[in-house]
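J.: The structure file target-v6.txt (compact mmCIF, C-alpha atoms) is provided below.
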# COMPACT_ATOMS: atom_id res chain seq x y z
CA ASP R 2 0.00 0.00 0.00
CA ASP R 3 2.85 2.38 0.81
CA LYS R 4 4.45 1.70 -2.57
CA VAL R 5 1.23 2.44 -4.42
CA ALA R 6 0.73 5.61 -2.36
CA ILE R 7 4.22 6.85 -3.24
CA ALA R 8 3.79 6.08 -6.95
CA ASP R 9 0.33 7.69 -7.02
CA HIS R 10 1.65 10.97 -5.62
CA GLU R 11 1.26 13.49 -8.42
CA GLY R 12 4.39 13.73 -10.56
CA MET R 13 6.41 11.34 -8.38
CA VAL R 14 7.11 8.62 -10.95
CA ASP R 15 7.81 11.18 -13.69
CA ALA R 16 10.27 12.94 -11.41
CA ILE R 17 12.06 9.67 -10.58
CA VAL R 18 12.28 8.75 -14.26
CA LYS R 19 13.60 12.18 -15.25
CA ALA R 20 16.18 12.27 -12.47
CA ALA R 21 17.29 8.71 -13.19
CA THR R 22 18.17 9.56 -16.77
CA LEU R 23 20.18 12.73 -16.17
CA GLU R 24 23.22 12.71 -18.42
CA LEU R 25 26.76 12.67 -17.05
CA GLY R 26 28.75 15.85 -17.19
CA VAL R 27 25.94 18.24 -16.28
CA CYS R 28 27.13 21.53 -14.78
CA GLU R 29 25.40 23.77 -12.32
CA HIS R 30 26.22 27.49 -12.68
CA THR R 31 26.51 29.34 -9.36
CA ASP R 32 28.04 32.59 -8.16
CA GLU R 33 30.98 30.60 -6.88
CA GLY R 34 31.58 29.05 -10.31
CA ASP R 35 30.65 25.93 -12.22
CA HIS R 36 29.97 22.90 -10.07
CA HIS R 37 30.32 19.49 -11.76
CA PHE R 38 28.25 16.74 -10.23
CA GLU R 39 28.99 13.71 -12.38
CA SER R 40 29.67 11.50 -9.35
CA ASP R 41 26.51 12.75 -7.66
CA THR R 42 24.30 11.87 -10.63
CA ASN R 43 26.06 8.52 -10.96
CA LYS R 44 25.12 7.58 -7.40
CA SER R 45 21.67 9.13 -7.75
CA ARG R 46 20.89 6.92 -10.74
CA GLU R 47 21.88 3.88 -8.71
CA TYR R 48 19.48 4.82 -5.91
CA LEU R 49 16.67 5.87 -8.23
CA ALA R 50 16.92 2.62 -10.17
CA ALA R 51 16.68 0.85 -6.81
CA VAL R 52 13.55 2.89 -6.00
CA LEU R 53 11.92 1.75 -9.24
CA TRP R 54 12.96 -1.82 -8.49
CA ASN R 55 11.36 -1.66 -5.05
CA LEU R 56 8.20 0.02 -6.32
CA ALA R 57 7.89 -2.73 -8.94
CA ILE R 58 7.58 -5.29 -6.14
CA SER R 59 3.94 -4.16 -5.97
CA GLU R 60 1.81 -6.27 -8.30
CA ASP R 61 -0.50 -3.30 -8.92
CA LEU R 62 2.39 -1.08 -9.96
CA ARG R 63 3.86 -3.72 -12.27
CA VAL R 64 0.66 -3.53 -14.30
CA THR R 65 0.73 0.27 -14.57
CA PHE R 66 4.50 0.62 -15.01
CA VAL R 67 4.58 -1.45 -18.20
CA HIS R 68 2.38 1.13 -19.93
CA ASN R 69 4.66 4.02 -18.92
CA LEU R 70 6.86 4.17 -22.01
CA ASP R 71 9.22 6.75 -20.50
CA LEU R 72 9.75 4.54 -17.45
CA ILE R 73 10.54 1.44 -19.53
CA ASP R 74 12.83 3.52 -21.78
CA ALA R 75 14.60 4.82 -18.68
CA LEU R 76 15.14 1.33 -17.26
CA ALA R 77 16.42 0.10 -20.63
CA LYS R 78 18.87 2.99 -20.72
CA LEU R 79 19.98 2.35 -17.14
CA THR R 80 20.98 -1.22 -18.06
CA THR R 81 23.86 0.41 -19.96
CA ASP R 82 24.93 2.68 -17.08
CA GLU R 83 28.62 2.78 -16.13
CA ASN R 84 27.69 1.86 -12.55
CA ALA R 85 27.27 -1.92 -12.19
CA LYS R 86 24.81 -1.55 -9.31
CA THR R 87 22.63 0.72 -11.43
CA ARG R 88 22.62 -1.83 -14.25
CA LYS R 89 21.67 -4.57 -11.79
CA ASN R 90 18.91 -2.47 -10.20
CA ALA R 91 17.42 -1.55 -13.58
CA ALA R 92 17.44 -5.17 -14.75
CA SER R 93 15.83 -6.20 -11.46
CA ALA R 94 13.03 -3.64 -11.88
CA LEU R 95 12.35 -4.92 -15.39
CA GLY R 96 12.38 -8.47 -14.04
CA ASN R 97 9.66 -7.62 -11.53
CA ILE R 98 7.54 -6.00 -14.23
CA ALA R 99 8.05 -9.03 -16.50
CA THR R 100 6.53 -11.45 -13.97
CA VAL R 101 3.01 -10.31 -14.91
CA ASP R 102 1.72 -12.47 -17.78
CA GLY R 103 0.05 -9.59 -19.55
CA ASN R 104 3.28 -7.56 -19.52
CA LYS R 105 5.51 -10.04 -21.32
CA GLU R 106 4.46 -9.38 -24.89
CA ILE R 107 4.43 -5.62 -24.27
CA LEU R 108 8.05 -5.80 -23.11
CA ILE R 109 9.02 -7.99 -26.07
CA LYS R 110 7.62 -5.41 -28.50
CA HIS R 111 8.79 -2.31 -26.60
CA GLY R 112 10.82 0.03 -28.80
CA ASN R 113 10.61 -2.43 -31.69
CA GLY R 114 12.64 -4.89 -29.69
CA SER R 115 15.18 -2.41 -28.32
CA LEU R 116 14.52 -3.49 -24.72
CA ILE R 117 15.29 -7.14 -25.52
CA CYS R 118 18.46 -6.04 -27.34
CA ALA R 119 19.54 -4.06 -24.27
CA LEU R 120 18.96 -7.01 -21.95
CA LEU R 121 20.77 -9.40 -24.31
CA LYS R 122 23.72 -7.02 -24.34
CA VAL R 123 23.89 -7.13 -20.55
CA VAL R 124 23.52 -10.91 -20.41
CA CYS R 125 26.17 -11.57 -23.05
CA GLY R 126 28.74 -8.92 -22.25
CA ASP R 127 28.42 -7.29 -18.84
CA ILE R 128 31.46 -7.79 -16.63
CA GLU R 129 29.32 -7.74 -13.47
CA GLY R 130 27.84 -11.15 -12.60
CA GLY R 131 24.96 -9.63 -10.63
CA ALA R 132 23.84 -7.54 -13.60
CA ARG R 133 24.01 -10.53 -15.96
CA ARG R 134 22.08 -12.67 -13.49
CA ARG R 135 19.24 -10.14 -13.08
CA ALA R 136 19.03 -9.44 -16.82
CA MET R 137 18.88 -13.18 -17.50
CA ARG R 138 16.06 -13.54 -14.97
CA THR R 139 14.15 -10.84 -16.82
CA LEU R 140 14.63 -12.58 -20.16
CA ARG R 141 13.49 -15.85 -18.57
CA CYS R 142 10.26 -14.19 -17.43
CA VAL R 143 9.72 -12.51 -20.80
CA ALA R 144 10.44 -15.75 -22.68
CA SER R 145 7.20 -17.30 -21.49
CA GLY R 146 5.37 -14.70 -23.55
CA ASN R 147 5.32 -14.66 -27.37
CA VAL R 148 8.28 -16.94 -28.09
CA ILE R 149 7.72 -16.95 -31.85
CA ASP R 150 7.99 -13.16 -32.16
CA LEU R 151 10.88 -13.09 -29.70
CA VAL R 152 12.93 -15.48 -31.84
CA ARG R 153 11.86 -14.04 -35.19
CA ASN R 154 12.73 -10.48 -34.22
CA HIS R 155 16.01 -11.38 -32.54
CA GLY R 156 17.76 -13.90 -34.77
CA ASN R 157 20.60 -14.42 -32.30
CA PHE R 158 18.36 -14.84 -29.25
CA VAL R 159 18.37 -18.64 -28.99
CA ASP R 160 22.07 -19.02 -29.78
CA SER R 161 22.91 -16.30 -27.26
CA ILE R 162 20.94 -17.99 -24.48
CA ILE R 163 22.47 -21.38 -25.31
CA ARG R 164 25.96 -19.87 -25.08
CA VAL R 165 25.21 -18.17 -21.76
CA SER R 166 23.72 -21.40 -20.35
CA ILE R 167 27.02 -23.18 -20.97
CA GLU R 168 29.77 -20.59 -20.79
CA ASP R 169 28.81 -17.92 -18.24
CA SER R 170 31.14 -17.81 -15.25
CA ASP R 171 28.24 -17.20 -12.85
CA ARG R 172 26.40 -20.41 -11.91
CA ASP R 173 23.06 -18.73 -11.21
CA THR R 174 23.16 -17.02 -14.61
CA ARG R 175 23.80 -20.38 -16.30
CA ILE R 176 20.85 -21.90 -14.44
CA GLN R 177 18.59 -18.96 -15.36
CA ALA R 178 19.61 -19.33 -19.02
CA THR R 179 18.97 -23.07 -18.93
CA GLU R 180 15.54 -22.48 -17.40
CA THR R 181 14.89 -19.93 -20.17
CA LEU R 182 15.51 -22.58 -22.83
CA ALA R 183 13.20 -24.97 -20.99
CA THR R 184 10.50 -22.30 -20.68
CA MET R 185 10.70 -21.45 -24.38
CA ILE R 186 10.44 -25.09 -25.44
CA SER R 187 7.38 -25.58 -23.26
CA GLU R 188 5.72 -22.51 -24.76
CA VAL R 189 6.59 -23.17 -28.39
CA SER R 190 5.52 -26.83 -28.22
CA CYS R 191 2.00 -25.61 -27.49
CA SER R 192 2.01 -23.24 -30.46
CA SER R 193 0.53 -23.91 -33.88
CA ASN R 194 2.12 -20.83 -35.48
CA ASN R 195 4.14 -21.16 -38.67
CA GLY R 196 7.76 -21.81 -37.84
CA SER R 197 7.10 -23.16 -34.36
CA ASP R 198 8.38 -26.66 -35.25
CA MET R 199 11.66 -25.24 -36.56
CA ILE R 200 12.13 -23.13 -33.44
CA ARG R 201 11.29 -26.13 -31.27
CA VAL R 202 14.00 -28.25 -32.90
CA GLN R 203 16.51 -25.39 -32.55
CA LEU R 204 15.72 -25.10 -28.85
CA MET R 205 15.91 -28.86 -28.33
CA ARG R 206 19.30 -28.96 -30.01
CA GLY R 207 20.36 -26.24 -27.61
CA ILE R 208 19.18 -28.38 -24.71
CA VAL R 209 21.18 -31.33 -26.05
CA GLN R 210 24.26 -29.10 -26.38
CA ASN R 211 23.71 -28.00 -22.78
CA ILE R 212 23.57 -31.63 -21.60
CA ALA R 213 26.77 -32.38 -23.51
CA GLU R 214 28.80 -29.37 -22.37
CA ASN R 215 27.36 -28.09 -19.09
CA ARG R 216 28.58 -30.09 -16.11
CA ASP R 217 26.36 -28.33 -13.56
CA LYS R 218 24.08 -30.75 -11.70
CA LYS R 219 21.11 -28.40 -11.51
CA CYS R 220 21.34 -27.62 -15.23
CA ALA R 221 21.48 -31.35 -15.99
CA GLU R 222 18.27 -31.89 -14.04
CA ILE R 223 16.52 -29.10 -15.97
CA THR R 224 17.73 -30.18 -19.41
CA CYS R 225 17.15 -33.92 -19.01
CA LYS R 226 13.67 -33.35 -17.58
CA THR R 227 12.80 -30.91 -20.38
CA LEU R 228 14.01 -33.21 -23.14
CA SER R 229 12.20 -36.18 -21.62
CA GLN R 230 8.94 -34.23 -21.47
CA GLU R 231 9.28 -32.94 -25.03
CA PHE R 232 10.06 -36.34 -26.52
CA SER R 233 7.05 -37.78 -24.69
CA LYS R 234 4.84 -34.99 -26.07
CA MET R 235 6.14 -35.57 -29.57
CA GLU R 236 5.56 -39.30 -29.35
CA SER R 237 2.03 -38.95 -27.97
CA GLY R 238 1.25 -36.27 -30.57
CA GLY R 239 2.24 -38.51 -33.44
CA HIS R 240 5.50 -36.68 -34.21
CA ARG R 241 8.51 -38.84 -34.99
CA VAL R 242 11.73 -38.27 -33.07
CA ASN R 243 14.81 -39.00 -35.13
CA ILE R 244 18.16 -39.36 -33.38
CA SER R 245 19.91 -37.99 -36.45
CA ASP R 246 18.42 -34.58 -35.59
CA PHE R 247 20.35 -34.64 -32.30
CA PRO R 248 23.81 -36.08 -33.09
CA ARG R 249 25.34 -35.42 -29.65
CA LEU R 250 22.46 -36.80 -27.63
CA LEU R 251 23.47 -40.43 -27.08
CA GLN R 252 26.99 -39.58 -25.93
CA ALA R 253 25.66 -36.83 -23.66
CA LEU R 254 23.16 -39.20 -22.01
CA GLU R 255 25.93 -41.70 -21.37
CA GLU R 256 28.09 -39.07 -19.69
CA VAL R 257 25.38 -37.83 -17.31
CA THR R 258 24.29 -41.38 -16.51
CA LEU R 259 27.75 -42.68 -15.69
CA ASP R 260 28.59 -39.59 -13.63
CA ASN R 261 27.73 -40.69 -10.10
CA SER R 262 27.47 -37.10 -8.91
CA HIS R 263 24.22 -36.64 -10.84
CA SER R 264 20.91 -37.34 -9.16
CA TYR R 265 18.61 -40.30 -9.70
CA ASP R 266 16.16 -37.91 -11.41
CA VAL R 267 18.71 -37.23 -14.16
CA LYS R 268 19.21 -40.95 -14.76
CA HIS R 269 15.45 -41.54 -14.69
CA CYS R 270 14.96 -38.88 -17.39
CA ALA R 271 17.81 -40.35 -19.45
CA ALA R 272 16.08 -43.75 -19.28
CA LYS R 273 12.78 -42.21 -20.42
CA ILE R 274 14.48 -40.42 -23.33
CA LEU R 275 16.06 -43.65 -24.59
CA HIS R 276 12.75 -45.44 -24.11
CA ASN R 277 10.99 -42.81 -26.26
CA LEU R 278 13.65 -42.98 -28.96
CA ALA R 279 13.44 -46.77 -29.17
CA THR R 280 9.75 -46.64 -30.15
CA PHE R 281 10.75 -45.45 -33.64
CA ASP R 282 12.13 -48.05 -36.04
CA GLU R 283 14.55 -45.61 -37.70
CA ASN R 284 16.39 -45.18 -34.38
CA ILE R 285 16.89 -48.85 -33.53
CA GLU R 286 20.05 -49.48 -35.55
CA ILE R 287 21.69 -46.24 -34.40
CA MET R 288 20.94 -47.03 -30.77
CA VAL R 289 22.75 -50.35 -30.78
CA CYS R 290 26.11 -48.79 -29.99
CA LYS R 291 28.47 -48.91 -27.03
CA SER R 292 27.40 -45.59 -25.50
CA VAL R 293 23.72 -46.59 -25.42
CA MET R 294 24.50 -50.09 -24.18
CA ASP R 295 26.67 -48.64 -21.39
CA THR R 296 23.88 -46.23 -20.45
CA LEU R 297 21.15 -48.87 -20.43
CA ALA R 298 23.24 -51.36 -18.46
CA ALA R 299 24.07 -48.73 -15.83
CA ILE R 300 20.46 -47.61 -15.43
CA ALA R 301 19.12 -51.16 -15.41
CA SER R 302 21.50 -51.91 -12.53
CA LEU R 303 20.29 -49.05 -10.32
CA SER R 304 18.97 -50.18 -6.95
CA GLY R 305 17.65 -48.62 -3.81
CA PRO R 306 14.45 -47.06 -2.49
CA ASN R 307 12.22 -45.41 -5.11
CA THR R 308 14.54 -46.27 -8.01
CA GLU R 309 12.43 -48.96 -9.65
CA LYS R 310 11.05 -46.97 -12.58
CA ALA R 311 14.30 -46.04 -14.30
CA PRO R 312 15.56 -49.66 -14.47
CA GLU R 313 12.17 -50.70 -15.87
CA TYR R 314 12.48 -48.12 -18.67
CA ALA R 315 16.00 -49.38 -19.40
CA ILE R 316 14.92 -53.03 -19.47
CA GLN R 317 11.99 -52.22 -21.77
CA THR R 318 14.38 -50.44 -24.12
CA ILE R 319 16.82 -53.35 -24.12
CA ILE R 320 13.96 -55.71 -24.94
CA ARG R 321 12.83 -53.45 -27.79
CA LEU R 322 16.33 -53.25 -29.29
CA SER R 323 16.78 -57.04 -29.08
CA GLN R 324 13.72 -57.65 -31.24
CA VAL R 325 15.82 -56.78 -34.30
CA GLU R 326 17.90 -59.86 -35.06
CA GLN R 327 20.98 -58.08 -36.40
CA ASN R 328 21.29 -56.20 -33.10
CA ARG R 329 21.60 -59.27 -30.92
CA ARG R 330 25.27 -60.15 -31.34
CA GLN R 331 26.49 -56.70 -30.31
CA MET R 332 24.07 -56.72 -27.39
CA ALA R 333 25.10 -60.21 -26.28
CA GLU R 334 28.79 -59.36 -26.44
CA HIS R 335 28.44 -56.17 -24.37
CA GLU R 336 30.26 -56.74 -21.09
CA ASN R 337 27.44 -55.60 -18.76
CA LEU R 338 24.16 -55.81 -20.63
CA LEU R 339 23.40 -59.50 -20.06
CA THR R 340 24.47 -59.20 -16.43
CA ALA R 341 22.02 -56.34 -15.95
CA LEU R 342 19.24 -58.40 -17.51
CA VAL R 343 19.97 -61.42 -15.33
CA ASN R 344 20.15 -59.34 -12.15
CA PHE R 345 16.86 -57.69 -13.03
CA THR R 346 15.10 -61.03 -13.48
CA VAL R 347 16.45 -62.21 -10.12
CA ALA R 348 15.29 -59.13 -8.21
CA ALA R 349 12.12 -58.11 -10.06
CA PRO R 350 8.67 -59.21 -8.90
CA GLU R 351 6.77 -61.66 -11.03
CA GLY R 352 5.11 -60.03 -13.99
CA SER R 353 5.12 -59.52 -17.75
CA LEU R 354 8.27 -57.39 -17.79
CA LYS R 355 10.23 -60.03 -15.90
CA ASP R 356 9.00 -62.69 -18.34
CA GLU R 357 10.02 -60.58 -21.34
CA ALA R 358 13.45 -60.01 -19.80
CA LYS R 359 13.89 -63.79 -19.43
CA ARG R 360 12.93 -64.34 -23.06
CA THR R 361 15.45 -61.69 -24.10
CA ILE R 362 18.19 -63.48 -22.17
CA LEU R 363 17.29 -66.69 -24.01
CA LEU R 364 17.62 -64.82 -27.31
CA LEU R 365 21.04 -63.42 -26.48
CA VAL R 366 22.83 -66.22 -24.61
CA PRO R 367 22.98 -68.74 -27.53
CA ILE R 368 24.86 -66.18 -29.61
CA LEU R 369 27.76 -66.39 -27.17
What is this file in structure tokens?
T.:
Amino acid sequence: DDKVAIADHEGMVDAIVKAATLELGVCEHTDEGDHHFESDTNKSREYLAAVLWNLAISEDLRVTFVHNLDLIDALAKLTTDENAKTRKNAASALGNIATVDGNKEILIKHGNGSLICALLKVVCGDIEGGARRRAMRTLRCVASGNVIDLVRNHGNFVDSIIRVSIEDSDRDTRIQATETLATMISEVSCSSNNGSDMIRVQLMRGIVQNIAENRDKKCAEITCKTLSQEFSKMESGGHRVNISDFPRLLQALEEVTLDNSHSYDVKHCAAKILHNLATFDENIEIMVCKSVMDTLAAIASLSGPNTEKAPEYAIQTIIRLSQVEQNRRQMAEHENLLTALVNFTVAAPEGSLKDEAKRTILLLVPIL
């Protein structure tokens, strides 16, 4: 209520915006001579940007602020300020405004995309980690708006976010960027607009690149979960998923699966992804390779409380791959695959999956 009362005071917001965008090098003429107050305005902009950030905590003010073009222009300009704290405060204020669903598309279109360009510049090139982190949070919020227009109007947007998600020195910024990719995929997969399929594939390739190159555990959880969900949607929607569209995927899944520092959730998602891929005939031959066999054997051998589902996905995938006769020799000769199958049949409760696993063993053992 206090925030709204302050902002509603006649001329208050306009005065803050005007003061926050005073140019450096302004002189005040007095009887004692010219007084330069560059440092004063520098610090003032920092504080005034912080005032706008704090006012934008109010949900009511977020709705009104987005329609104040001078205010949004001022915040965009302040993201380029020489003072790192000012840049961070301005990005934070924009991030608060961007949390309102109805504001996202307005921000995307503001200044014919100039606001998004300003935020991308901060995210990709600012030396201050805090400023990059806050600007990336803002882009993550905005990205759940009109993804199609966002990508069309900013051709480098997706590639820039992918690069930040992998290369930024600040962990929180990498996580925010990874969540942005996940948010965009979720939004675009629900779209029927022209070009949405192409953007979806581009984003999914970015997710695969993230899995392959980003060693952060939190990012791995986000990317593996996102890819698992998207492949499931594509399968249930009648869309075919071809491994050849994602050439680094199989090796990346092996690496995250065999890395014991990653959580069970990551391995569970990896198992689901391979299970989805194996439902398409064109993927079967490609999947019978050492990296996939290593991954499946490792997941099938998982044990412990609440870890049953991932091994079941892995066993189902092994069974599916073994149905193609020319695959069986390589599967039988893999050093751990048969062992994983045997151990599963020993430990698993009676049921159809256990019976199918036994039949698969009987298919593979004679080859040896």
J.: For range 336-339 of chain R, list every protein, DNA or RNA residue within 12 Å, evaluated using only C-alpha atoms, and leave out those in the same chain fewer than 6 positions away; present the list as a PDB file with C-alpha atoms, keeping the file's coordinate frame.
T.:
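Saved file selection05.pdb follows:
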ATOM      1  CA  VAL R 289      22.750 -50.350 -30.780  1.00  0.00           C
ATOM      2  CA  CYS R 290      26.110 -48.790 -29.990  1.00  0.00           C
ATOM      3  CA  LYS R 291      28.470 -48.910 -27.030  1.00  0.00           C
ATOM      4  CA  SER R 292      27.400 -45.590 -25.500  1.00  0.00           C
ATOM      5  CA  VAL R 293      23.720 -46.590 -25.420  1.00  0.00           C
ATOM      6  CA  MET R 294      24.500 -50.090 -24.180  1.00  0.00           C
ATOM      7  CA  ASP R 295      26.670 -48.640 -21.390  1.00  0.00           C
ATOM      8  CA  THR R 296      23.880 -46.230 -20.450  1.00  0.00           C
ATOM      9  CA  LEU R 297      21.150 -48.870 -20.430  1.00  0.00           C
ATOM     10  CA  ALA R 298      23.240 -51.360 -18.460  1.00  0.00           C
ATOM     11  CA  ALA R 299      24.070 -48.730 -15.830  1.00  0.00           C
ATOM     12  CA  ILE R 300      20.460 -47.610 -15.430  1.00  0.00           C
ATOM     13  CA  ALA R 301      19.120 -51.160 -15.410  1.00  0.00           C
ATOM     14  CA  SER R 302      21.500 -51.910 -12.530  1.00  0.00           C
ATOM     15  CA  ALA R 315      16.000 -49.380 -19.400  1.00  0.00           C
ATOM     16  CA  ILE R 316      14.920 -53.030 -19.470  1.00  0.00           C
ATOM     17  CA  THR R 318      14.380 -50.440 -24.120  1.00  0.00           C
ATOM     18  CA  ILE R 319      16.820 -53.350 -24.120  1.00  0.00           C
ATOM     19  CA  ILE R 320      13.960 -55.710 -24.940  1.00  0.00           C
ATOM     20  CA  LEU R 322      16.330 -53.250 -29.290  1.00  0.00           C
ATOM     21  CA  SER R 323      16.780 -57.040 -29.080  1.00  0.00           C
ATOM     22  CA  ARG R 329      21.600 -59.270 -30.920  1.00  0.00           C
ATOM     23  CA  ARG R 330      25.270 -60.150 -31.340  1.00  0.00           C
ATOM     24  CA  PHE R 345      16.860 -57.690 -13.030  1.00  0.00           C
ATOM     25  CA  THR R 346      15.100 -61.030 -13.480  1.00  0.00           C
ATOM     26  CA  ALA R 358      13.450 -60.010 -19.800  1.00  0.00           C
ATOM     27  CA  LYS R 359      13.890 -63.790 -19.430  1.00  0.00           C
ATOM     28  CA  ARG R 360      12.930 -64.340 -23.060  1.00  0.00           C
ATOM     29  CA  THR R 361      15.450 -61.690 -24.100  1.00  0.00           C
ATOM     30  CA  ILE R 362      18.190 -63.480 -22.170  1.00  0.00           C
ATOM     31  CA  LEU R 363      17.290 -66.690 -24.010  1.00  0.00           C
ATOM     32  CA  LEU R 364      17.620 -64.820 -27.310  1.00  0.00           C
ATOM     33  CA  LEU R 365      21.040 -63.420 -26.480  1.00  0.00           C
ATOM     34  CA  VAL R 366      22.830 -66.220 -24.610  1.00  0.00           C
ATOM     35  CA  PRO R 367      22.980 -68.740 -27.530  1.00  0.00           C
ATOM     36  CA  ILE R 368      24.860 -66.180 -29.610  1.00  0.00           C
ATOM     37  CA  LEU R 369      27.760 -66.390 -27.170  1.00  0.00           C
TER      38      LEU R 369
END
J.: Quick one: pull the distance between CA of Val242 in chain R and CA of Asn307 in chain R, Å, one decimal.
T.: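 Separation of CA of Val242 in chain R and CA of Asn307 in chain R: 28.9 Å.
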J.: For Met137 in chain R, which residue among R:Arg46, R:Lys89, R:His269, R:Arg249 is the nearest when counting only C-alpha atoms?
T.: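 Looking at the shortest contact to Met137 in chain R, the residue is R:Lys89.
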J.: Quick check, in Å to one decimal: how far apart do CA of Leu140 in chain R and CA of Ile163 in chain R lie?
T.: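 Separating CA of Leu140 in chain R from CA of Ile163 in chain R is a distance of 12.9 Å.
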J.: Between CA of Ala99 in chain R and CA of Lys19 in chain R, what is the distance in Å, rounded to a tenth?
T.: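 Straight-line distance from CA of Ala99 in chain R to CA of Lys19 in chain R works out to 22.0 Å.
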J.: Within 12 Å of Thr308 in chain R, counting only C-alpha atoms, which residues qualify if same-chain residues fewer than 3 places away don't, as a list in words?
T.: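 Returned residues: Ser264, Tyr265, Asp266, Val267, Lys268, His269, Cys270, Ala272, Ile300, Ala301, Ser302, Leu303, Ser304, Gly305, Ala311, Pro312, Glu313, Tyr314 and Ala315 of chain R.
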J.: Could you name the residues that touch range 214-222 of chain R at 9 Å or less, counting all atoms listed in the file, but leaving out those on the same chain fewer than 4 positions away, as a CSV table (one decimal) with C-alpha atoms, in the coordinates of the input?
T.:
chain,number,residue,atom,x,y,z
R,166,SER,CA,23.7,-21.4,-20.4
R,167,ILE,CA,27.0,-23.2,-21.0
R,168,GLU,CA,29.8,-20.6,-20.8
R,172,ARG,CA,26.4,-20.4,-11.9
R,175,ARG,CA,23.8,-20.4,-16.3
R,176,ILE,CA,20.8,-21.9,-14.4
R,179,THR,CA,19.0,-23.1,-18.9
R,180,GLU,CA,15.5,-22.5,-17.4
R,209,VAL,CA,21.2,-31.3,-26.0
R,210,GLN,CA,24.3,-29.1,-26.4
R,226,LYS,CA,13.7,-33.4,-17.6
R,227,THR,CA,12.8,-30.9,-20.4
R,253,ALA,CA,25.7,-36.8,-23.7
R,257,VAL,CA,25.4,-37.8,-17.3
R,262,SER,CA,27.5,-37.1,-8.9
R,263,HIS,CA,24.2,-36.6,-10.8
R,264,SER,CA,20.9,-37.3,-9.2
R,266,ASP,CA,16.2,-37.9,-11.4
R,267,VAL,CA,18.7,-37.2,-14.2
R,270,CYS,CA,15.0,-38.9,-17.4
J.: Axis-aligned box over every listed atom of range 155-161 of chain R, padded by 8 Å per side: centre and edges in Å to one decimal, as JSON?
T.:
{"center_x": 19.5, "center_y": -15.2, "center_z": -31.0, "size_x": 22.9, "size_y": 23.6, "size_z": 23.5}
J.: Give me, as JSON lines, the closest atom pair and its distance (Å, one decimal) for every residue of range 207-274 of chain R within a cut-off of 8 Å of range 182-197 of chain R, counting all atoms listed in the file, rows sorted by chain and rising number.
T.:
{"residue": "R:Gly207", "atom": "CA", "partner": "R:Leu182", "partner_atom": "CA", "distance": 7.7}
{"residue": "R:Ile208", "atom": "CA", "partner": "R:Leu182", "partner_atom": "CA", "distance": 7.1}
{"residue": "R:Ile223", "atom": "CA", "partner": "R:Ala183", "partner_atom": "CA", "distance": 7.3}
{"residue": "R:Thr224", "atom": "CA", "partner": "R:Ala183", "partner_atom": "CA", "distance": 7.1}
{"residue": "R:Thr227", "atom": "CA", "partner": "R:Ala183", "partner_atom": "CA", "distance": 6.0}
{"residue": "R:Glu231", "atom": "CA", "partner": "R:Ser187", "partner_atom": "CA", "distance": 7.8}
J.: Which residues, written as JSON, numbers by chain, have at least one atom at most 12 Å from Thr81 in chain R, with only C-alpha atoms counted and residues fewer than 4 positions away on the same chain left out?
T.: {"R": [22, 46, 47, 74, 75, 76, 77, 85, 86, 87, 88, 89, 90, 91, 92, 116, 118, 119, 120, 121, 122, 123, 124, 126, 127, 128, 129, 132, 133, 136]}
J.: Identify, on the basis of only C-alpha atoms, every residue whose closest approach to Phe247 in chain R does not exceed 12 Å; exclude the query and any residue fewer than 6 positions from it along the same chain; express the result as number ranges by chain.
T.: R: 202-210, 212-213, 228, 232, 253-254, 278, 284, 287
J.: Place N, CA, C and O atoms on range 72-78 of chain R and deliver the coordinates as a PDB file, keeping the file's coordinate frame.
T.:
ATOM      1  N   LEU R  72       9.156   5.337 -18.543  1.00  0.00           N
ATOM      2  CA  LEU R  72       9.750   4.540 -17.450  1.00  0.00           C
ATOM      3  C   LEU R  72      10.499   3.334 -18.009  1.00  0.00           C
ATOM      4  O   LEU R  72      11.638   3.054 -17.599  1.00  0.00           O
ATOM      5  N   ILE R  73       9.878   2.613 -18.953  1.00  0.00           N
ATOM      6  CA  ILE R  73      10.540   1.440 -19.530  1.00  0.00           C
ATOM      7  C   ILE R  73      11.777   1.867 -20.321  1.00  0.00           C
ATOM      8  O   ILE R  73      12.831   1.218 -20.255  1.00  0.00           O
ATOM      9  N   ASP R  74      11.664   2.994 -21.058  1.00  0.00           N
ATOM     10  CA  ASP R  74      12.830   3.520 -21.780  1.00  0.00           C
ATOM     11  C   ASP R  74      13.965   3.847 -20.804  1.00  0.00           C
ATOM     12  O   ASP R  74      15.140   3.576 -21.088  1.00  0.00           O
ATOM     13  N   ALA R  75      13.591   4.448 -19.682  1.00  0.00           N
ATOM     14  CA  ALA R  75      14.600   4.820 -18.680  1.00  0.00           C
ATOM     15  C   ALA R  75      15.302   3.591 -18.132  1.00  0.00           C
ATOM     16  O   ALA R  75      16.536   3.561 -18.006  1.00  0.00           O
ATOM     17  N   LEU R  76      14.537   2.563 -17.805  1.00  0.00           N
ATOM     18  CA  LEU R  76      15.140   1.330 -17.260  1.00  0.00           C
ATOM     19  C   LEU R  76      16.033   0.666 -18.302  1.00  0.00           C
ATOM     20  O   LEU R  76      17.103   0.146 -17.967  1.00  0.00           O
ATOM     21  N   ALA R  77      15.583   0.675 -19.564  1.00  0.00           N
ATOM     22  CA  ALA R  77      16.420   0.100 -20.630  1.00  0.00           C
ATOM     23  C   ALA R  77      17.739   0.853 -20.744  1.00  0.00           C
ATOM     24  O   ALA R  77      18.816   0.248 -20.879  1.00  0.00           O
ATOM     25  N   LYS R  78      17.659   2.172 -20.645  1.00  0.00           N
ATOM     26  CA  LYS R  78      18.870   2.990 -20.720  1.00  0.00           C
ATOM     27  C   LYS R  78      19.782   2.736 -19.515  1.00  0.00           C
ATOM     28  O   LYS R  78      21.009   2.663 -19.656  1.00  0.00           O
TER      29      LYS R  78
END
